[in-house]
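Visitor: Structure file data_33.tsv (TSV, C-alpha atoms) is given on the next line.
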chain	number	residue	atom	x	y	z
A	1	MET	CA	-93.12	105.35	58.65
A	2	ILE	CA	-96.80	104.55	58.31
A	3	PRO	CA	-98.73	102.73	61.09
A	4	TYR	CA	-98.79	98.96	61.10
A	5	TRP	CA	-102.54	98.84	60.63
A	6	GLU	CA	-102.25	100.90	57.45
A	7	ILE	CA	-99.57	98.56	56.11
A	8	ALA	CA	-101.92	95.62	56.67
A	9	LEU	CA	-104.81	97.56	55.12
A	10	ARG	CA	-102.85	98.34	51.96
A	11	LEU	CA	-101.71	94.75	51.55
A	12	LEU	CA	-105.27	93.50	52.11
A	13	LEU	CA	-106.62	95.94	49.53
A	14	ALA	CA	-103.96	94.78	47.07
A	15	VAL	CA	-105.02	91.17	47.63
A	16	PHE	CA	-108.66	92.09	47.03
A	17	LEU	CA	-108.14	94.15	43.89
A	18	GLY	CA	-105.66	91.70	42.37
A	19	GLY	CA	-108.01	88.86	43.21
A	20	LEU	CA	-110.90	90.49	41.36
A	21	VAL	CA	-108.94	90.65	38.12
A	22	GLY	CA	-107.39	87.24	38.70
A	23	PHE	CA	-110.79	85.63	39.27
A	24	GLU	CA	-111.96	86.84	35.86
A	25	ARG	CA	-108.83	85.41	34.20
A	26	GLU	CA	-109.17	82.15	36.13
A	27	SER	CA	-112.80	81.78	35.04
A	28	HIS	CA	-111.58	81.80	31.42
A	29	ASN	CA	-108.87	79.20	32.17
A	30	ARG	CA	-106.01	81.54	31.31
A	31	PRO	CA	-102.33	80.74	32.05
A	32	ALA	CA	-102.14	83.36	34.82
A	33	GLY	CA	-105.19	83.30	37.06
A	34	PHE	CA	-106.41	84.02	40.57
A	35	ARG	CA	-103.29	83.35	42.62
A	36	THR	CA	-100.87	84.88	40.13
A	37	HIS	CA	-102.70	88.20	40.00
A	38	ILE	CA	-102.96	88.32	43.80
A	39	LEU	CA	-99.24	87.66	44.17
A	40	VAL	CA	-98.32	90.29	41.57
A	41	CYS	CA	-100.57	92.96	43.08
A	42	THR	CA	-99.54	92.24	46.67
A	43	GLY	CA	-95.86	92.06	45.82
A	44	SER	CA	-96.03	95.35	43.92
A	45	ALA	CA	-97.74	97.02	46.87
A	46	LEU	CA	-95.12	95.71	49.28
A	47	ILE	CA	-92.24	96.81	47.05
A	48	MET	CA	-93.78	100.27	46.75
A	49	MET	CA	-94.07	100.59	50.52
A	50	VAL	CA	-90.50	99.38	51.05
A	51	SER	CA	-89.30	101.82	48.42
A	52	ALA	CA	-91.25	104.74	49.88
A	53	TYR	CA	-90.86	104.13	53.62
A	54	GLY	CA	-88.28	101.43	54.21
A	55	PHE	CA	-85.15	103.54	53.81
A	56	SER	CA	-86.24	106.86	55.32
A	57	GLY	CA	-84.24	106.32	58.49
A	58	GLN	CA	-81.12	104.95	56.85
A	59	ILE	CA	-80.17	107.88	54.63
A	60	GLY	CA	-77.67	110.42	55.85
A	61	GLU	CA	-78.41	114.08	56.42
A	62	GLY	CA	-78.58	116.10	53.25
A	63	PHE	CA	-79.73	113.16	51.10
A	64	GLU	CA	-83.25	112.45	49.90
A	65	ALA	CA	-84.76	109.03	49.18
A	66	ASP	CA	-86.12	108.30	45.71
A	67	PRO	CA	-89.26	106.18	46.29
A	68	GLY	CA	-89.66	105.55	42.57
A	69	ARG	CA	-86.26	103.91	42.05
A	70	ILE	CA	-87.06	100.45	43.43
A	71	ALA	CA	-90.68	100.56	42.29
A	72	ALA	CA	-89.53	101.21	38.72
A	73	GLY	CA	-87.96	97.76	38.72
A	74	VAL	CA	-91.41	96.25	39.11
A	75	VAL	CA	-92.36	97.33	35.60
A	76	THR	CA	-89.32	95.56	34.13
A	77	GLY	CA	-89.85	92.42	36.18
A	78	ILE	CA	-93.53	92.19	35.29
A	79	GLY	CA	-92.57	92.37	31.62
A	80	PHE	CA	-90.71	89.08	31.94
A	81	LEU	CA	-93.57	87.48	33.87
A	82	GLY	CA	-96.13	88.62	31.32
A	83	ALA	CA	-94.05	87.22	28.48
A	84	GLY	CA	-94.45	83.78	30.02
A	85	THR	CA	-98.21	83.91	29.48
A	86	ILE	CA	-97.92	84.68	25.76
A	87	LEU	CA	-98.04	81.57	23.59
A	88	GLN	CA	-97.39	81.48	19.87
A	89	GLN	CA	-99.23	78.62	18.27
A	90	ARG	CA	-98.78	77.01	14.92
A	91	GLY	CA	-99.99	79.16	12.08
A	92	GLY	CA	-98.69	82.35	13.67
A	93	LEU	CA	-101.60	82.87	16.06
A	94	VAL	CA	-100.73	84.42	19.41
A	95	ARG	CA	-102.64	83.81	22.64
A	96	GLY	CA	-102.21	85.32	26.08
A	97	LEU	CA	-101.71	88.99	25.23
A	98	THR	CA	-104.74	90.08	27.26
A	99	THR	CA	-103.59	88.09	30.28
A	100	ALA	CA	-100.10	89.58	30.00
A	101	ALA	CA	-101.64	93.05	29.88
A	102	SER	CA	-103.83	92.32	32.91
A	103	ILE	CA	-100.75	91.27	34.90
A	104	TRP	CA	-99.03	94.51	33.93
A	105	VAL	CA	-102.04	96.61	34.95
A	106	VAL	CA	-102.41	94.70	38.23
A	107	SER	CA	-98.80	95.50	39.08
A	108	GLY	CA	-99.64	99.18	38.57
A	109	VAL	CA	-102.67	98.79	40.83
A	110	GLY	CA	-100.42	97.27	43.49
A	111	LEU	CA	-97.96	100.17	43.21
A	112	ALA	CA	-100.82	102.66	43.58
A	113	VAL	CA	-102.13	100.87	46.67
A	114	GLY	CA	-98.66	100.70	48.15
A	115	ILE	CA	-98.14	104.46	47.91
A	116	GLY	CA	-101.65	105.17	49.23
A	117	PHE	CA	-103.29	106.22	45.95
A	118	TYR	CA	-106.43	104.24	46.75
A	119	LEU	CA	-108.86	106.02	44.44
A	120	GLY	CA	-106.66	105.49	41.40
A	121	ALA	CA	-106.19	101.81	42.27
A	122	VAL	CA	-109.91	101.14	42.72
A	123	VAL	CA	-110.99	103.07	39.62
A	124	ALA	CA	-108.32	101.37	37.52
A	125	THR	CA	-109.50	97.95	38.72
A	126	VAL	CA	-113.09	98.80	37.82
A	127	PHE	CA	-112.04	99.86	34.33
A	128	VAL	CA	-109.98	96.69	33.88
A	129	LEU	CA	-112.96	94.52	34.85
A	130	ILE	CA	-115.22	96.45	32.48
A	131	SER	CA	-112.69	95.93	29.69
A	132	LEU	CA	-112.36	92.20	30.36
A	133	LEU	CA	-116.02	91.41	30.99
A	134	LEU	CA	-118.08	93.77	28.87
A	135	LEU	CA	-115.74	94.82	26.09
A	136	GLY	CA	-114.70	91.20	25.64
A	137	ARG	CA	-118.26	90.36	24.64
A	138	VAL	CA	-118.39	93.30	22.26
A	139	GLU	CA	-115.12	92.16	20.71
A	140	LYS	CA	-116.40	88.63	20.22
A	141	THR	CA	-119.68	89.84	18.75
A	142	TYR	CA	-118.47	92.48	16.32
A	143	PHE	CA	-114.80	91.86	15.62
A	144	SER	CA	-113.79	88.23	16.16
A	145	ARG	CA	-115.56	86.96	13.03
A	146	ARG	CA	-113.47	89.25	10.84
A	147	ARG	CA	-110.14	87.85	11.97
A	148	LEU	CA	-108.12	85.00	10.55
A	149	LYS	CA	-108.98	81.66	12.13
A	150	GLN	CA	-106.85	78.64	12.88
A	151	LEU	CA	-108.11	75.18	11.98
A	152	VAL	CA	-106.06	72.11	12.85
A	153	VAL	CA	-107.18	68.76	11.44
A	154	THR	CA	-105.63	65.47	12.53
A	155	ALA	CA	-106.43	62.63	10.14
A	156	VAL	CA	-105.17	59.35	8.73
A	157	ASP	CA	-102.50	60.07	6.14
A	158	GLN	CA	-103.96	59.03	2.79
A	159	PRO	CA	-103.84	60.15	-0.86
A	160	GLY	CA	-106.13	63.07	-1.68
A	161	LEU	CA	-106.76	64.08	1.95
A	162	LEU	CA	-105.53	67.64	1.54
A	163	GLY	CA	-107.54	68.07	-1.66
A	164	ARG	CA	-110.76	66.86	-0.05
A	165	ILE	CA	-110.35	69.24	2.87
A	166	GLY	CA	-109.55	72.09	0.48
A	167	ALA	CA	-112.62	71.34	-1.61
A	168	LEU	CA	-114.81	71.27	1.48
A	169	LEU	CA	-113.49	74.64	2.65
A	170	GLY	CA	-113.93	76.11	-0.80
A	171	ASP	CA	-117.52	74.90	-0.91
A	172	LEU	CA	-118.16	76.88	2.30
A	173	ARG	CA	-116.51	79.98	0.77
A	174	ILE	CA	-113.56	79.76	3.18
A	175	ASN	CA	-110.32	81.18	1.85
A	176	ILE	CA	-107.16	79.28	2.81
A	177	ARG	CA	-104.36	81.72	3.58
A	178	LYS	CA	-101.74	79.25	4.78
A	179	VAL	CA	-101.33	75.50	5.24
A	180	GLU	CA	-98.68	73.64	7.23
A	181	LEU	CA	-98.28	69.86	7.30
A	182	GLY	CA	-96.85	68.10	10.33
A	183	ASP	CA	-94.76	64.96	10.26
A	184	PRO	CA	-96.75	61.70	10.12
A	185	GLU	CA	-96.94	59.81	13.41
A	186	HIS	CA	-97.36	56.05	13.24
A	187	GLN	CA	-100.03	54.49	15.44
A	188	GLU	CA	-99.02	50.96	16.35
A	189	LEU	CA	-102.44	49.77	17.52
A	190	GLU	CA	-104.24	50.76	14.31
A	191	ASN	CA	-101.20	50.45	12.03
A	192	VAL	CA	-101.89	53.83	10.42
A	193	ASP	CA	-100.05	57.12	10.07
A	194	LEU	CA	-101.73	60.22	11.49
A	195	ILE	CA	-100.88	63.62	10.05
A	196	THR	CA	-101.70	67.09	11.36
A	197	ILE	CA	-102.77	69.79	8.89
A	198	ASP	CA	-102.66	73.35	10.24
A	199	HIS	CA	-104.78	75.89	8.31
A	200	LEU	CA	-104.93	79.66	8.58
A	201	LEU	CA	-108.33	80.63	7.20
A	202	GLU	CA	-110.25	83.70	6.19
A	203	VAL	CA	-113.88	82.88	6.85
A	204	PRO	CA	-117.08	84.61	5.71
A	205	LEU	CA	-119.12	86.44	8.33
A	206	ASP	CA	-122.13	84.15	7.87
A	207	LEU	CA	-120.18	80.90	8.29
A	208	LYS	CA	-122.03	78.31	10.36
A	209	LEU	CA	-119.38	76.56	12.42
A	210	ASN	CA	-121.55	73.54	13.18
A	211	ARG	CA	-121.83	72.85	9.45
A	212	LEU	CA	-118.07	73.17	8.98
A	213	PHE	CA	-117.24	70.85	11.89
A	214	SER	CA	-119.81	68.22	10.95
A	215	ARG	CA	-118.64	68.07	7.33
A	216	LEU	CA	-115.03	67.78	8.40
A	217	TYR	CA	-115.80	64.92	10.77
A	218	ASN	CA	-117.76	63.18	8.03
A	219	LEU	CA	-114.62	63.06	5.89
A	220	LYS	CA	-113.04	59.64	5.91
A	221	GLY	CA	-110.09	59.36	8.26
A	222	VAL	CA	-110.54	62.61	10.22
A	223	ARG	CA	-109.82	61.92	13.88
A	224	GLU	CA	-109.58	65.29	15.60
A	225	ILE	CA	-110.37	68.97	14.95
A	226	GLN	CA	-109.13	72.05	16.76
A	227	TRP	CA	-110.62	75.48	16.15
A	228	GLN	CA	-108.70	78.48	17.47
A	229	GLY	CA	-106.75	76.15	19.75
A	230	GLU	CA	-109.88	74.61	21.27
A	231	PRO	CA	-110.67	70.91	20.63
A	232	ILE	CA	-113.97	70.16	18.89
A	233	ARG	CA	-115.59	66.89	19.93
A	234	ALA	CA	-116.70	64.56	17.18
A	235	GLU	CA	-119.77	63.39	19.09
A	236	ASP	CA	-121.17	66.91	19.07
A	237	TYR	CA	-121.11	67.24	15.27
A	238	GLY	CA	-120.82	63.82	13.72
A	239	ASP	CA	-124.56	63.39	13.20
A	240	TYR	CA	-125.30	66.90	12.00
A	241	VAL	CA	-127.07	67.04	8.64
Kindly transcribe the structure held in the file into structure tokens.

Guide:
Amino acid sequence: MIPYWEIALRLLLAVFLGGLVGFERESHNRPAGFRTHILVCTGSALIMMVSAYGFSGQIGEGFEADPGRIAAGVVTGIGFLGAGTILQQRGGLVRGLTTAASIWVVSGVGLAVGIGFYLGAVVATVFVLISLLLLGRVEKTYFSRRRLKQLVVTAVDQPGLLGRIGALLGDLRINIRKVELGDPEHQELENVDLITIDHLLEVPLDLKLNRLFSRLYNLKGVREIQWQGEPIRAEDYGDYV
């Protein structure tokens, strides 16, 4: 059995390391943030300590404890928790994979802290933060423009709407890979039907998003635009020339 002060030290270190990763996720408004990562890391550390030291005095002579048996269940349990952060949006786009991976890694950090492998836990946390902070910027700069993009347009249902949007996208050299139409929703106050059009687009590398958004909002009847799941405000682009 390890001393009480060392138990407290390991749990405190797990809180600190899990909090570092969780703070980065929280700052990006991800489904699992500061508290979730702290709880996962601390819980993993506690389970590891219980598995390694909690049963040493309760096993009969001639038997050996397996400290990895209970800790192995953490990996399975974290898989279910991580799945809850993954969201599949319309158009086949998936969000939350990075957050799910960070939860999985944080559980490993907690297990390392719980067994006393401090160096591995600290170095792993540093590498995770580098991956999330620095490599994320590299990914956005060099790779994100090459991926398929999701554009969701909510507009008044009217003849020729889909054709006008398609012509606009074609004029900007945007290739439409997939289009899904939602069911019209009647608005009582305005006595109009609003329809949602979900596009999966292949965009050129030199596309100017402000030009795309402004031209879309200048189309008659367009009420709302979402780009990659993020709402685009009309007041920011309506007057762009």

Visitor: I'd like the interatomic distance between atom CA of A:Val75 and atom CA of A:Ser27, to a tenth of an Å.

Guide: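 Interatomic distance, atom CA of A:Val75 to atom CA of A:Ser27: 25.7 Å.
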
Visitor: Which polymer residues have any atom within 8 Å of an atom of A:Ile115, counting only C-alpha atoms, with same-chain residues fewer than 3 positions away left out, as a PDB file with C-alpha atoms, in the frame of the given file?

Guide:
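What ended up in result-v6.pdb:
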ATOM      1  CA  ALA A  45     -97.740  97.020  46.870  1.00  0.00           C
ATOM      2  CA  MET A  48     -93.780 100.270  46.750  1.00  0.00           C
ATOM      3  CA  MET A  49     -94.070 100.590  50.520  1.00  0.00           C
ATOM      4  CA  ALA A  52     -91.250 104.740  49.880  1.00  0.00           C
ATOM      5  CA  LEU A 111     -97.960 100.170  43.210  1.00  0.00           C
ATOM      6  CA  ALA A 112    -100.820 102.660  43.580  1.00  0.00           C
TER       7      ALA A 112
END

Visitor: Using all atoms listed in the file, collect all residues at a distance of at most 12 Å from (-100.1, 95.3, 38.2) as written in the file, then present them as a tab-separated table (two decimals) with C-alpha atoms, in the frame of the given file.

Guide:
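As written to disk, result.tsv reads:
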chain	number	residue	atom	x	y	z
A	14	ALA	CA	-103.96	94.78	47.07
A	15	VAL	CA	-105.02	91.17	47.63
A	17	LEU	CA	-108.14	94.15	43.89
A	18	GLY	CA	-105.66	91.70	42.37
A	19	GLY	CA	-108.01	88.86	43.21
A	21	VAL	CA	-108.94	90.65	38.12
A	22	GLY	CA	-107.39	87.24	38.70
A	36	THR	CA	-100.87	84.88	40.13
A	37	HIS	CA	-102.70	88.20	40.00
A	38	ILE	CA	-102.96	88.32	43.80
A	39	LEU	CA	-99.24	87.66	44.17
A	40	VAL	CA	-98.32	90.29	41.57
A	41	CYS	CA	-100.57	92.96	43.08
A	42	THR	CA	-99.54	92.24	46.67
A	43	GLY	CA	-95.86	92.06	45.82
A	44	SER	CA	-96.03	95.35	43.92
A	45	ALA	CA	-97.74	97.02	46.87
A	47	ILE	CA	-92.24	96.81	47.05
A	48	MET	CA	-93.78	100.27	46.75
A	71	ALA	CA	-90.68	100.56	42.29
A	74	VAL	CA	-91.41	96.25	39.11
A	75	VAL	CA	-92.36	97.33	35.60
A	76	THR	CA	-89.32	95.56	34.13
A	77	GLY	CA	-89.85	92.42	36.18
A	78	ILE	CA	-93.53	92.19	35.29
A	79	GLY	CA	-92.57	92.37	31.62
A	81	LEU	CA	-93.57	87.48	33.87
A	82	GLY	CA	-96.13	88.62	31.32
A	99	THR	CA	-103.59	88.09	30.28
A	100	ALA	CA	-100.10	89.58	30.00
A	101	ALA	CA	-101.64	93.05	29.88
A	102	SER	CA	-103.83	92.32	32.91
A	103	ILE	CA	-100.75	91.27	34.90
A	104	TRP	CA	-99.03	94.51	33.93
A	105	VAL	CA	-102.04	96.61	34.95
A	106	VAL	CA	-102.41	94.70	38.23
A	107	SER	CA	-98.80	95.50	39.08
A	108	GLY	CA	-99.64	99.18	38.57
A	109	VAL	CA	-102.67	98.79	40.83
A	110	GLY	CA	-100.42	97.27	43.49
A	111	LEU	CA	-97.96	100.17	43.21
A	112	ALA	CA	-100.82	102.66	43.58
A	113	VAL	CA	-102.13	100.87	46.67
A	114	GLY	CA	-98.66	100.70	48.15
A	121	ALA	CA	-106.19	101.81	42.27
A	124	ALA	CA	-108.32	101.37	37.52
A	125	THR	CA	-109.50	97.95	38.72
A	128	VAL	CA	-109.98	96.69	33.88

Visitor: Counting only C-alpha atoms, which of A:Val192, A:Leu129, A:Leu212, A:Ala155 gets nearest to A:Gly170?

Guide: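 The answer is A:Leu212, which sits nearest to A:Gly170.
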
Visitor: Leaving out A:Glu230 and any residue of its chain fewer than 4 positions from it, which residues lie within 12 Å of it when counting all atoms listed in the file, given as JSON, numbers by chain?

Guide: {"A": [29, 89, 95, 149, 150, 151, 152, 153, 224, 225, 226]}

Visitor: Pull C-alpha atoms from the residues just selected and write them as a compact mmCIF listing (two decimals), in the frame of the given file.

Guide:
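Written output follows (part.txt):
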# COMPACT_ATOMS: atom_id res chain seq x y z
CA ASN A 29 -108.87 79.20 32.17
CA GLN A 89 -99.23 78.62 18.27
CA ARG A 95 -102.64 83.81 22.64
CA LYS A 149 -108.98 81.66 12.13
CA GLN A 150 -106.85 78.64 12.88
CA LEU A 151 -108.11 75.18 11.98
CA VAL A 152 -106.06 72.11 12.85
CA VAL A 153 -107.18 68.76 11.44
CA GLU A 224 -109.58 65.29 15.60
CA ILE A 225 -110.37 68.97 14.95
CA GLN A 226 -109.13 72.05 16.76

Visitor: Measure the distance from atom CA of A:Gly229 to atom CA of A:Asp206 in Å and round it to one decimal.

Guide: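 So the answer is 21.0 Å.
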
Visitor: Go through A:Leu169, A:Ile232, A:Leu9, A:Val222 one by one, measure the shortest atom-to-atom distance of each to A:His199 using all atoms listed in the file, and give the residue with the smallest value.

Guide: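 Result for the nearest residue to A:His199: A:Leu169.
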
Visitor: So how far away is atom CA of A:Gly54 from atom CA of A:Val123, in Å?

Guide: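 A separation of 27.0 Å between them.
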
Visitor: Between A:Leu11, A:Lys220, A:Leu20, A:Ser214, which has the minimum distance to A:Arg233 (counting only C-alpha atoms)?

Guide: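 Checking each candidate against A:Arg233, we get A:Ser214 as the closest.
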
Visitor: Hey, could you pull the box centre and edge lengths for stretch 20-27 of chain A, axis-aligned, 8 Å padding per side, all listed atoms, to one decimal in Å, as AutoDock Vina command-line options?

Guide:
--center_x -110.1 --center_y 86.2 --center_z 37.8 --size_x 21.4 --size_y 24.9 --size_z 23.2
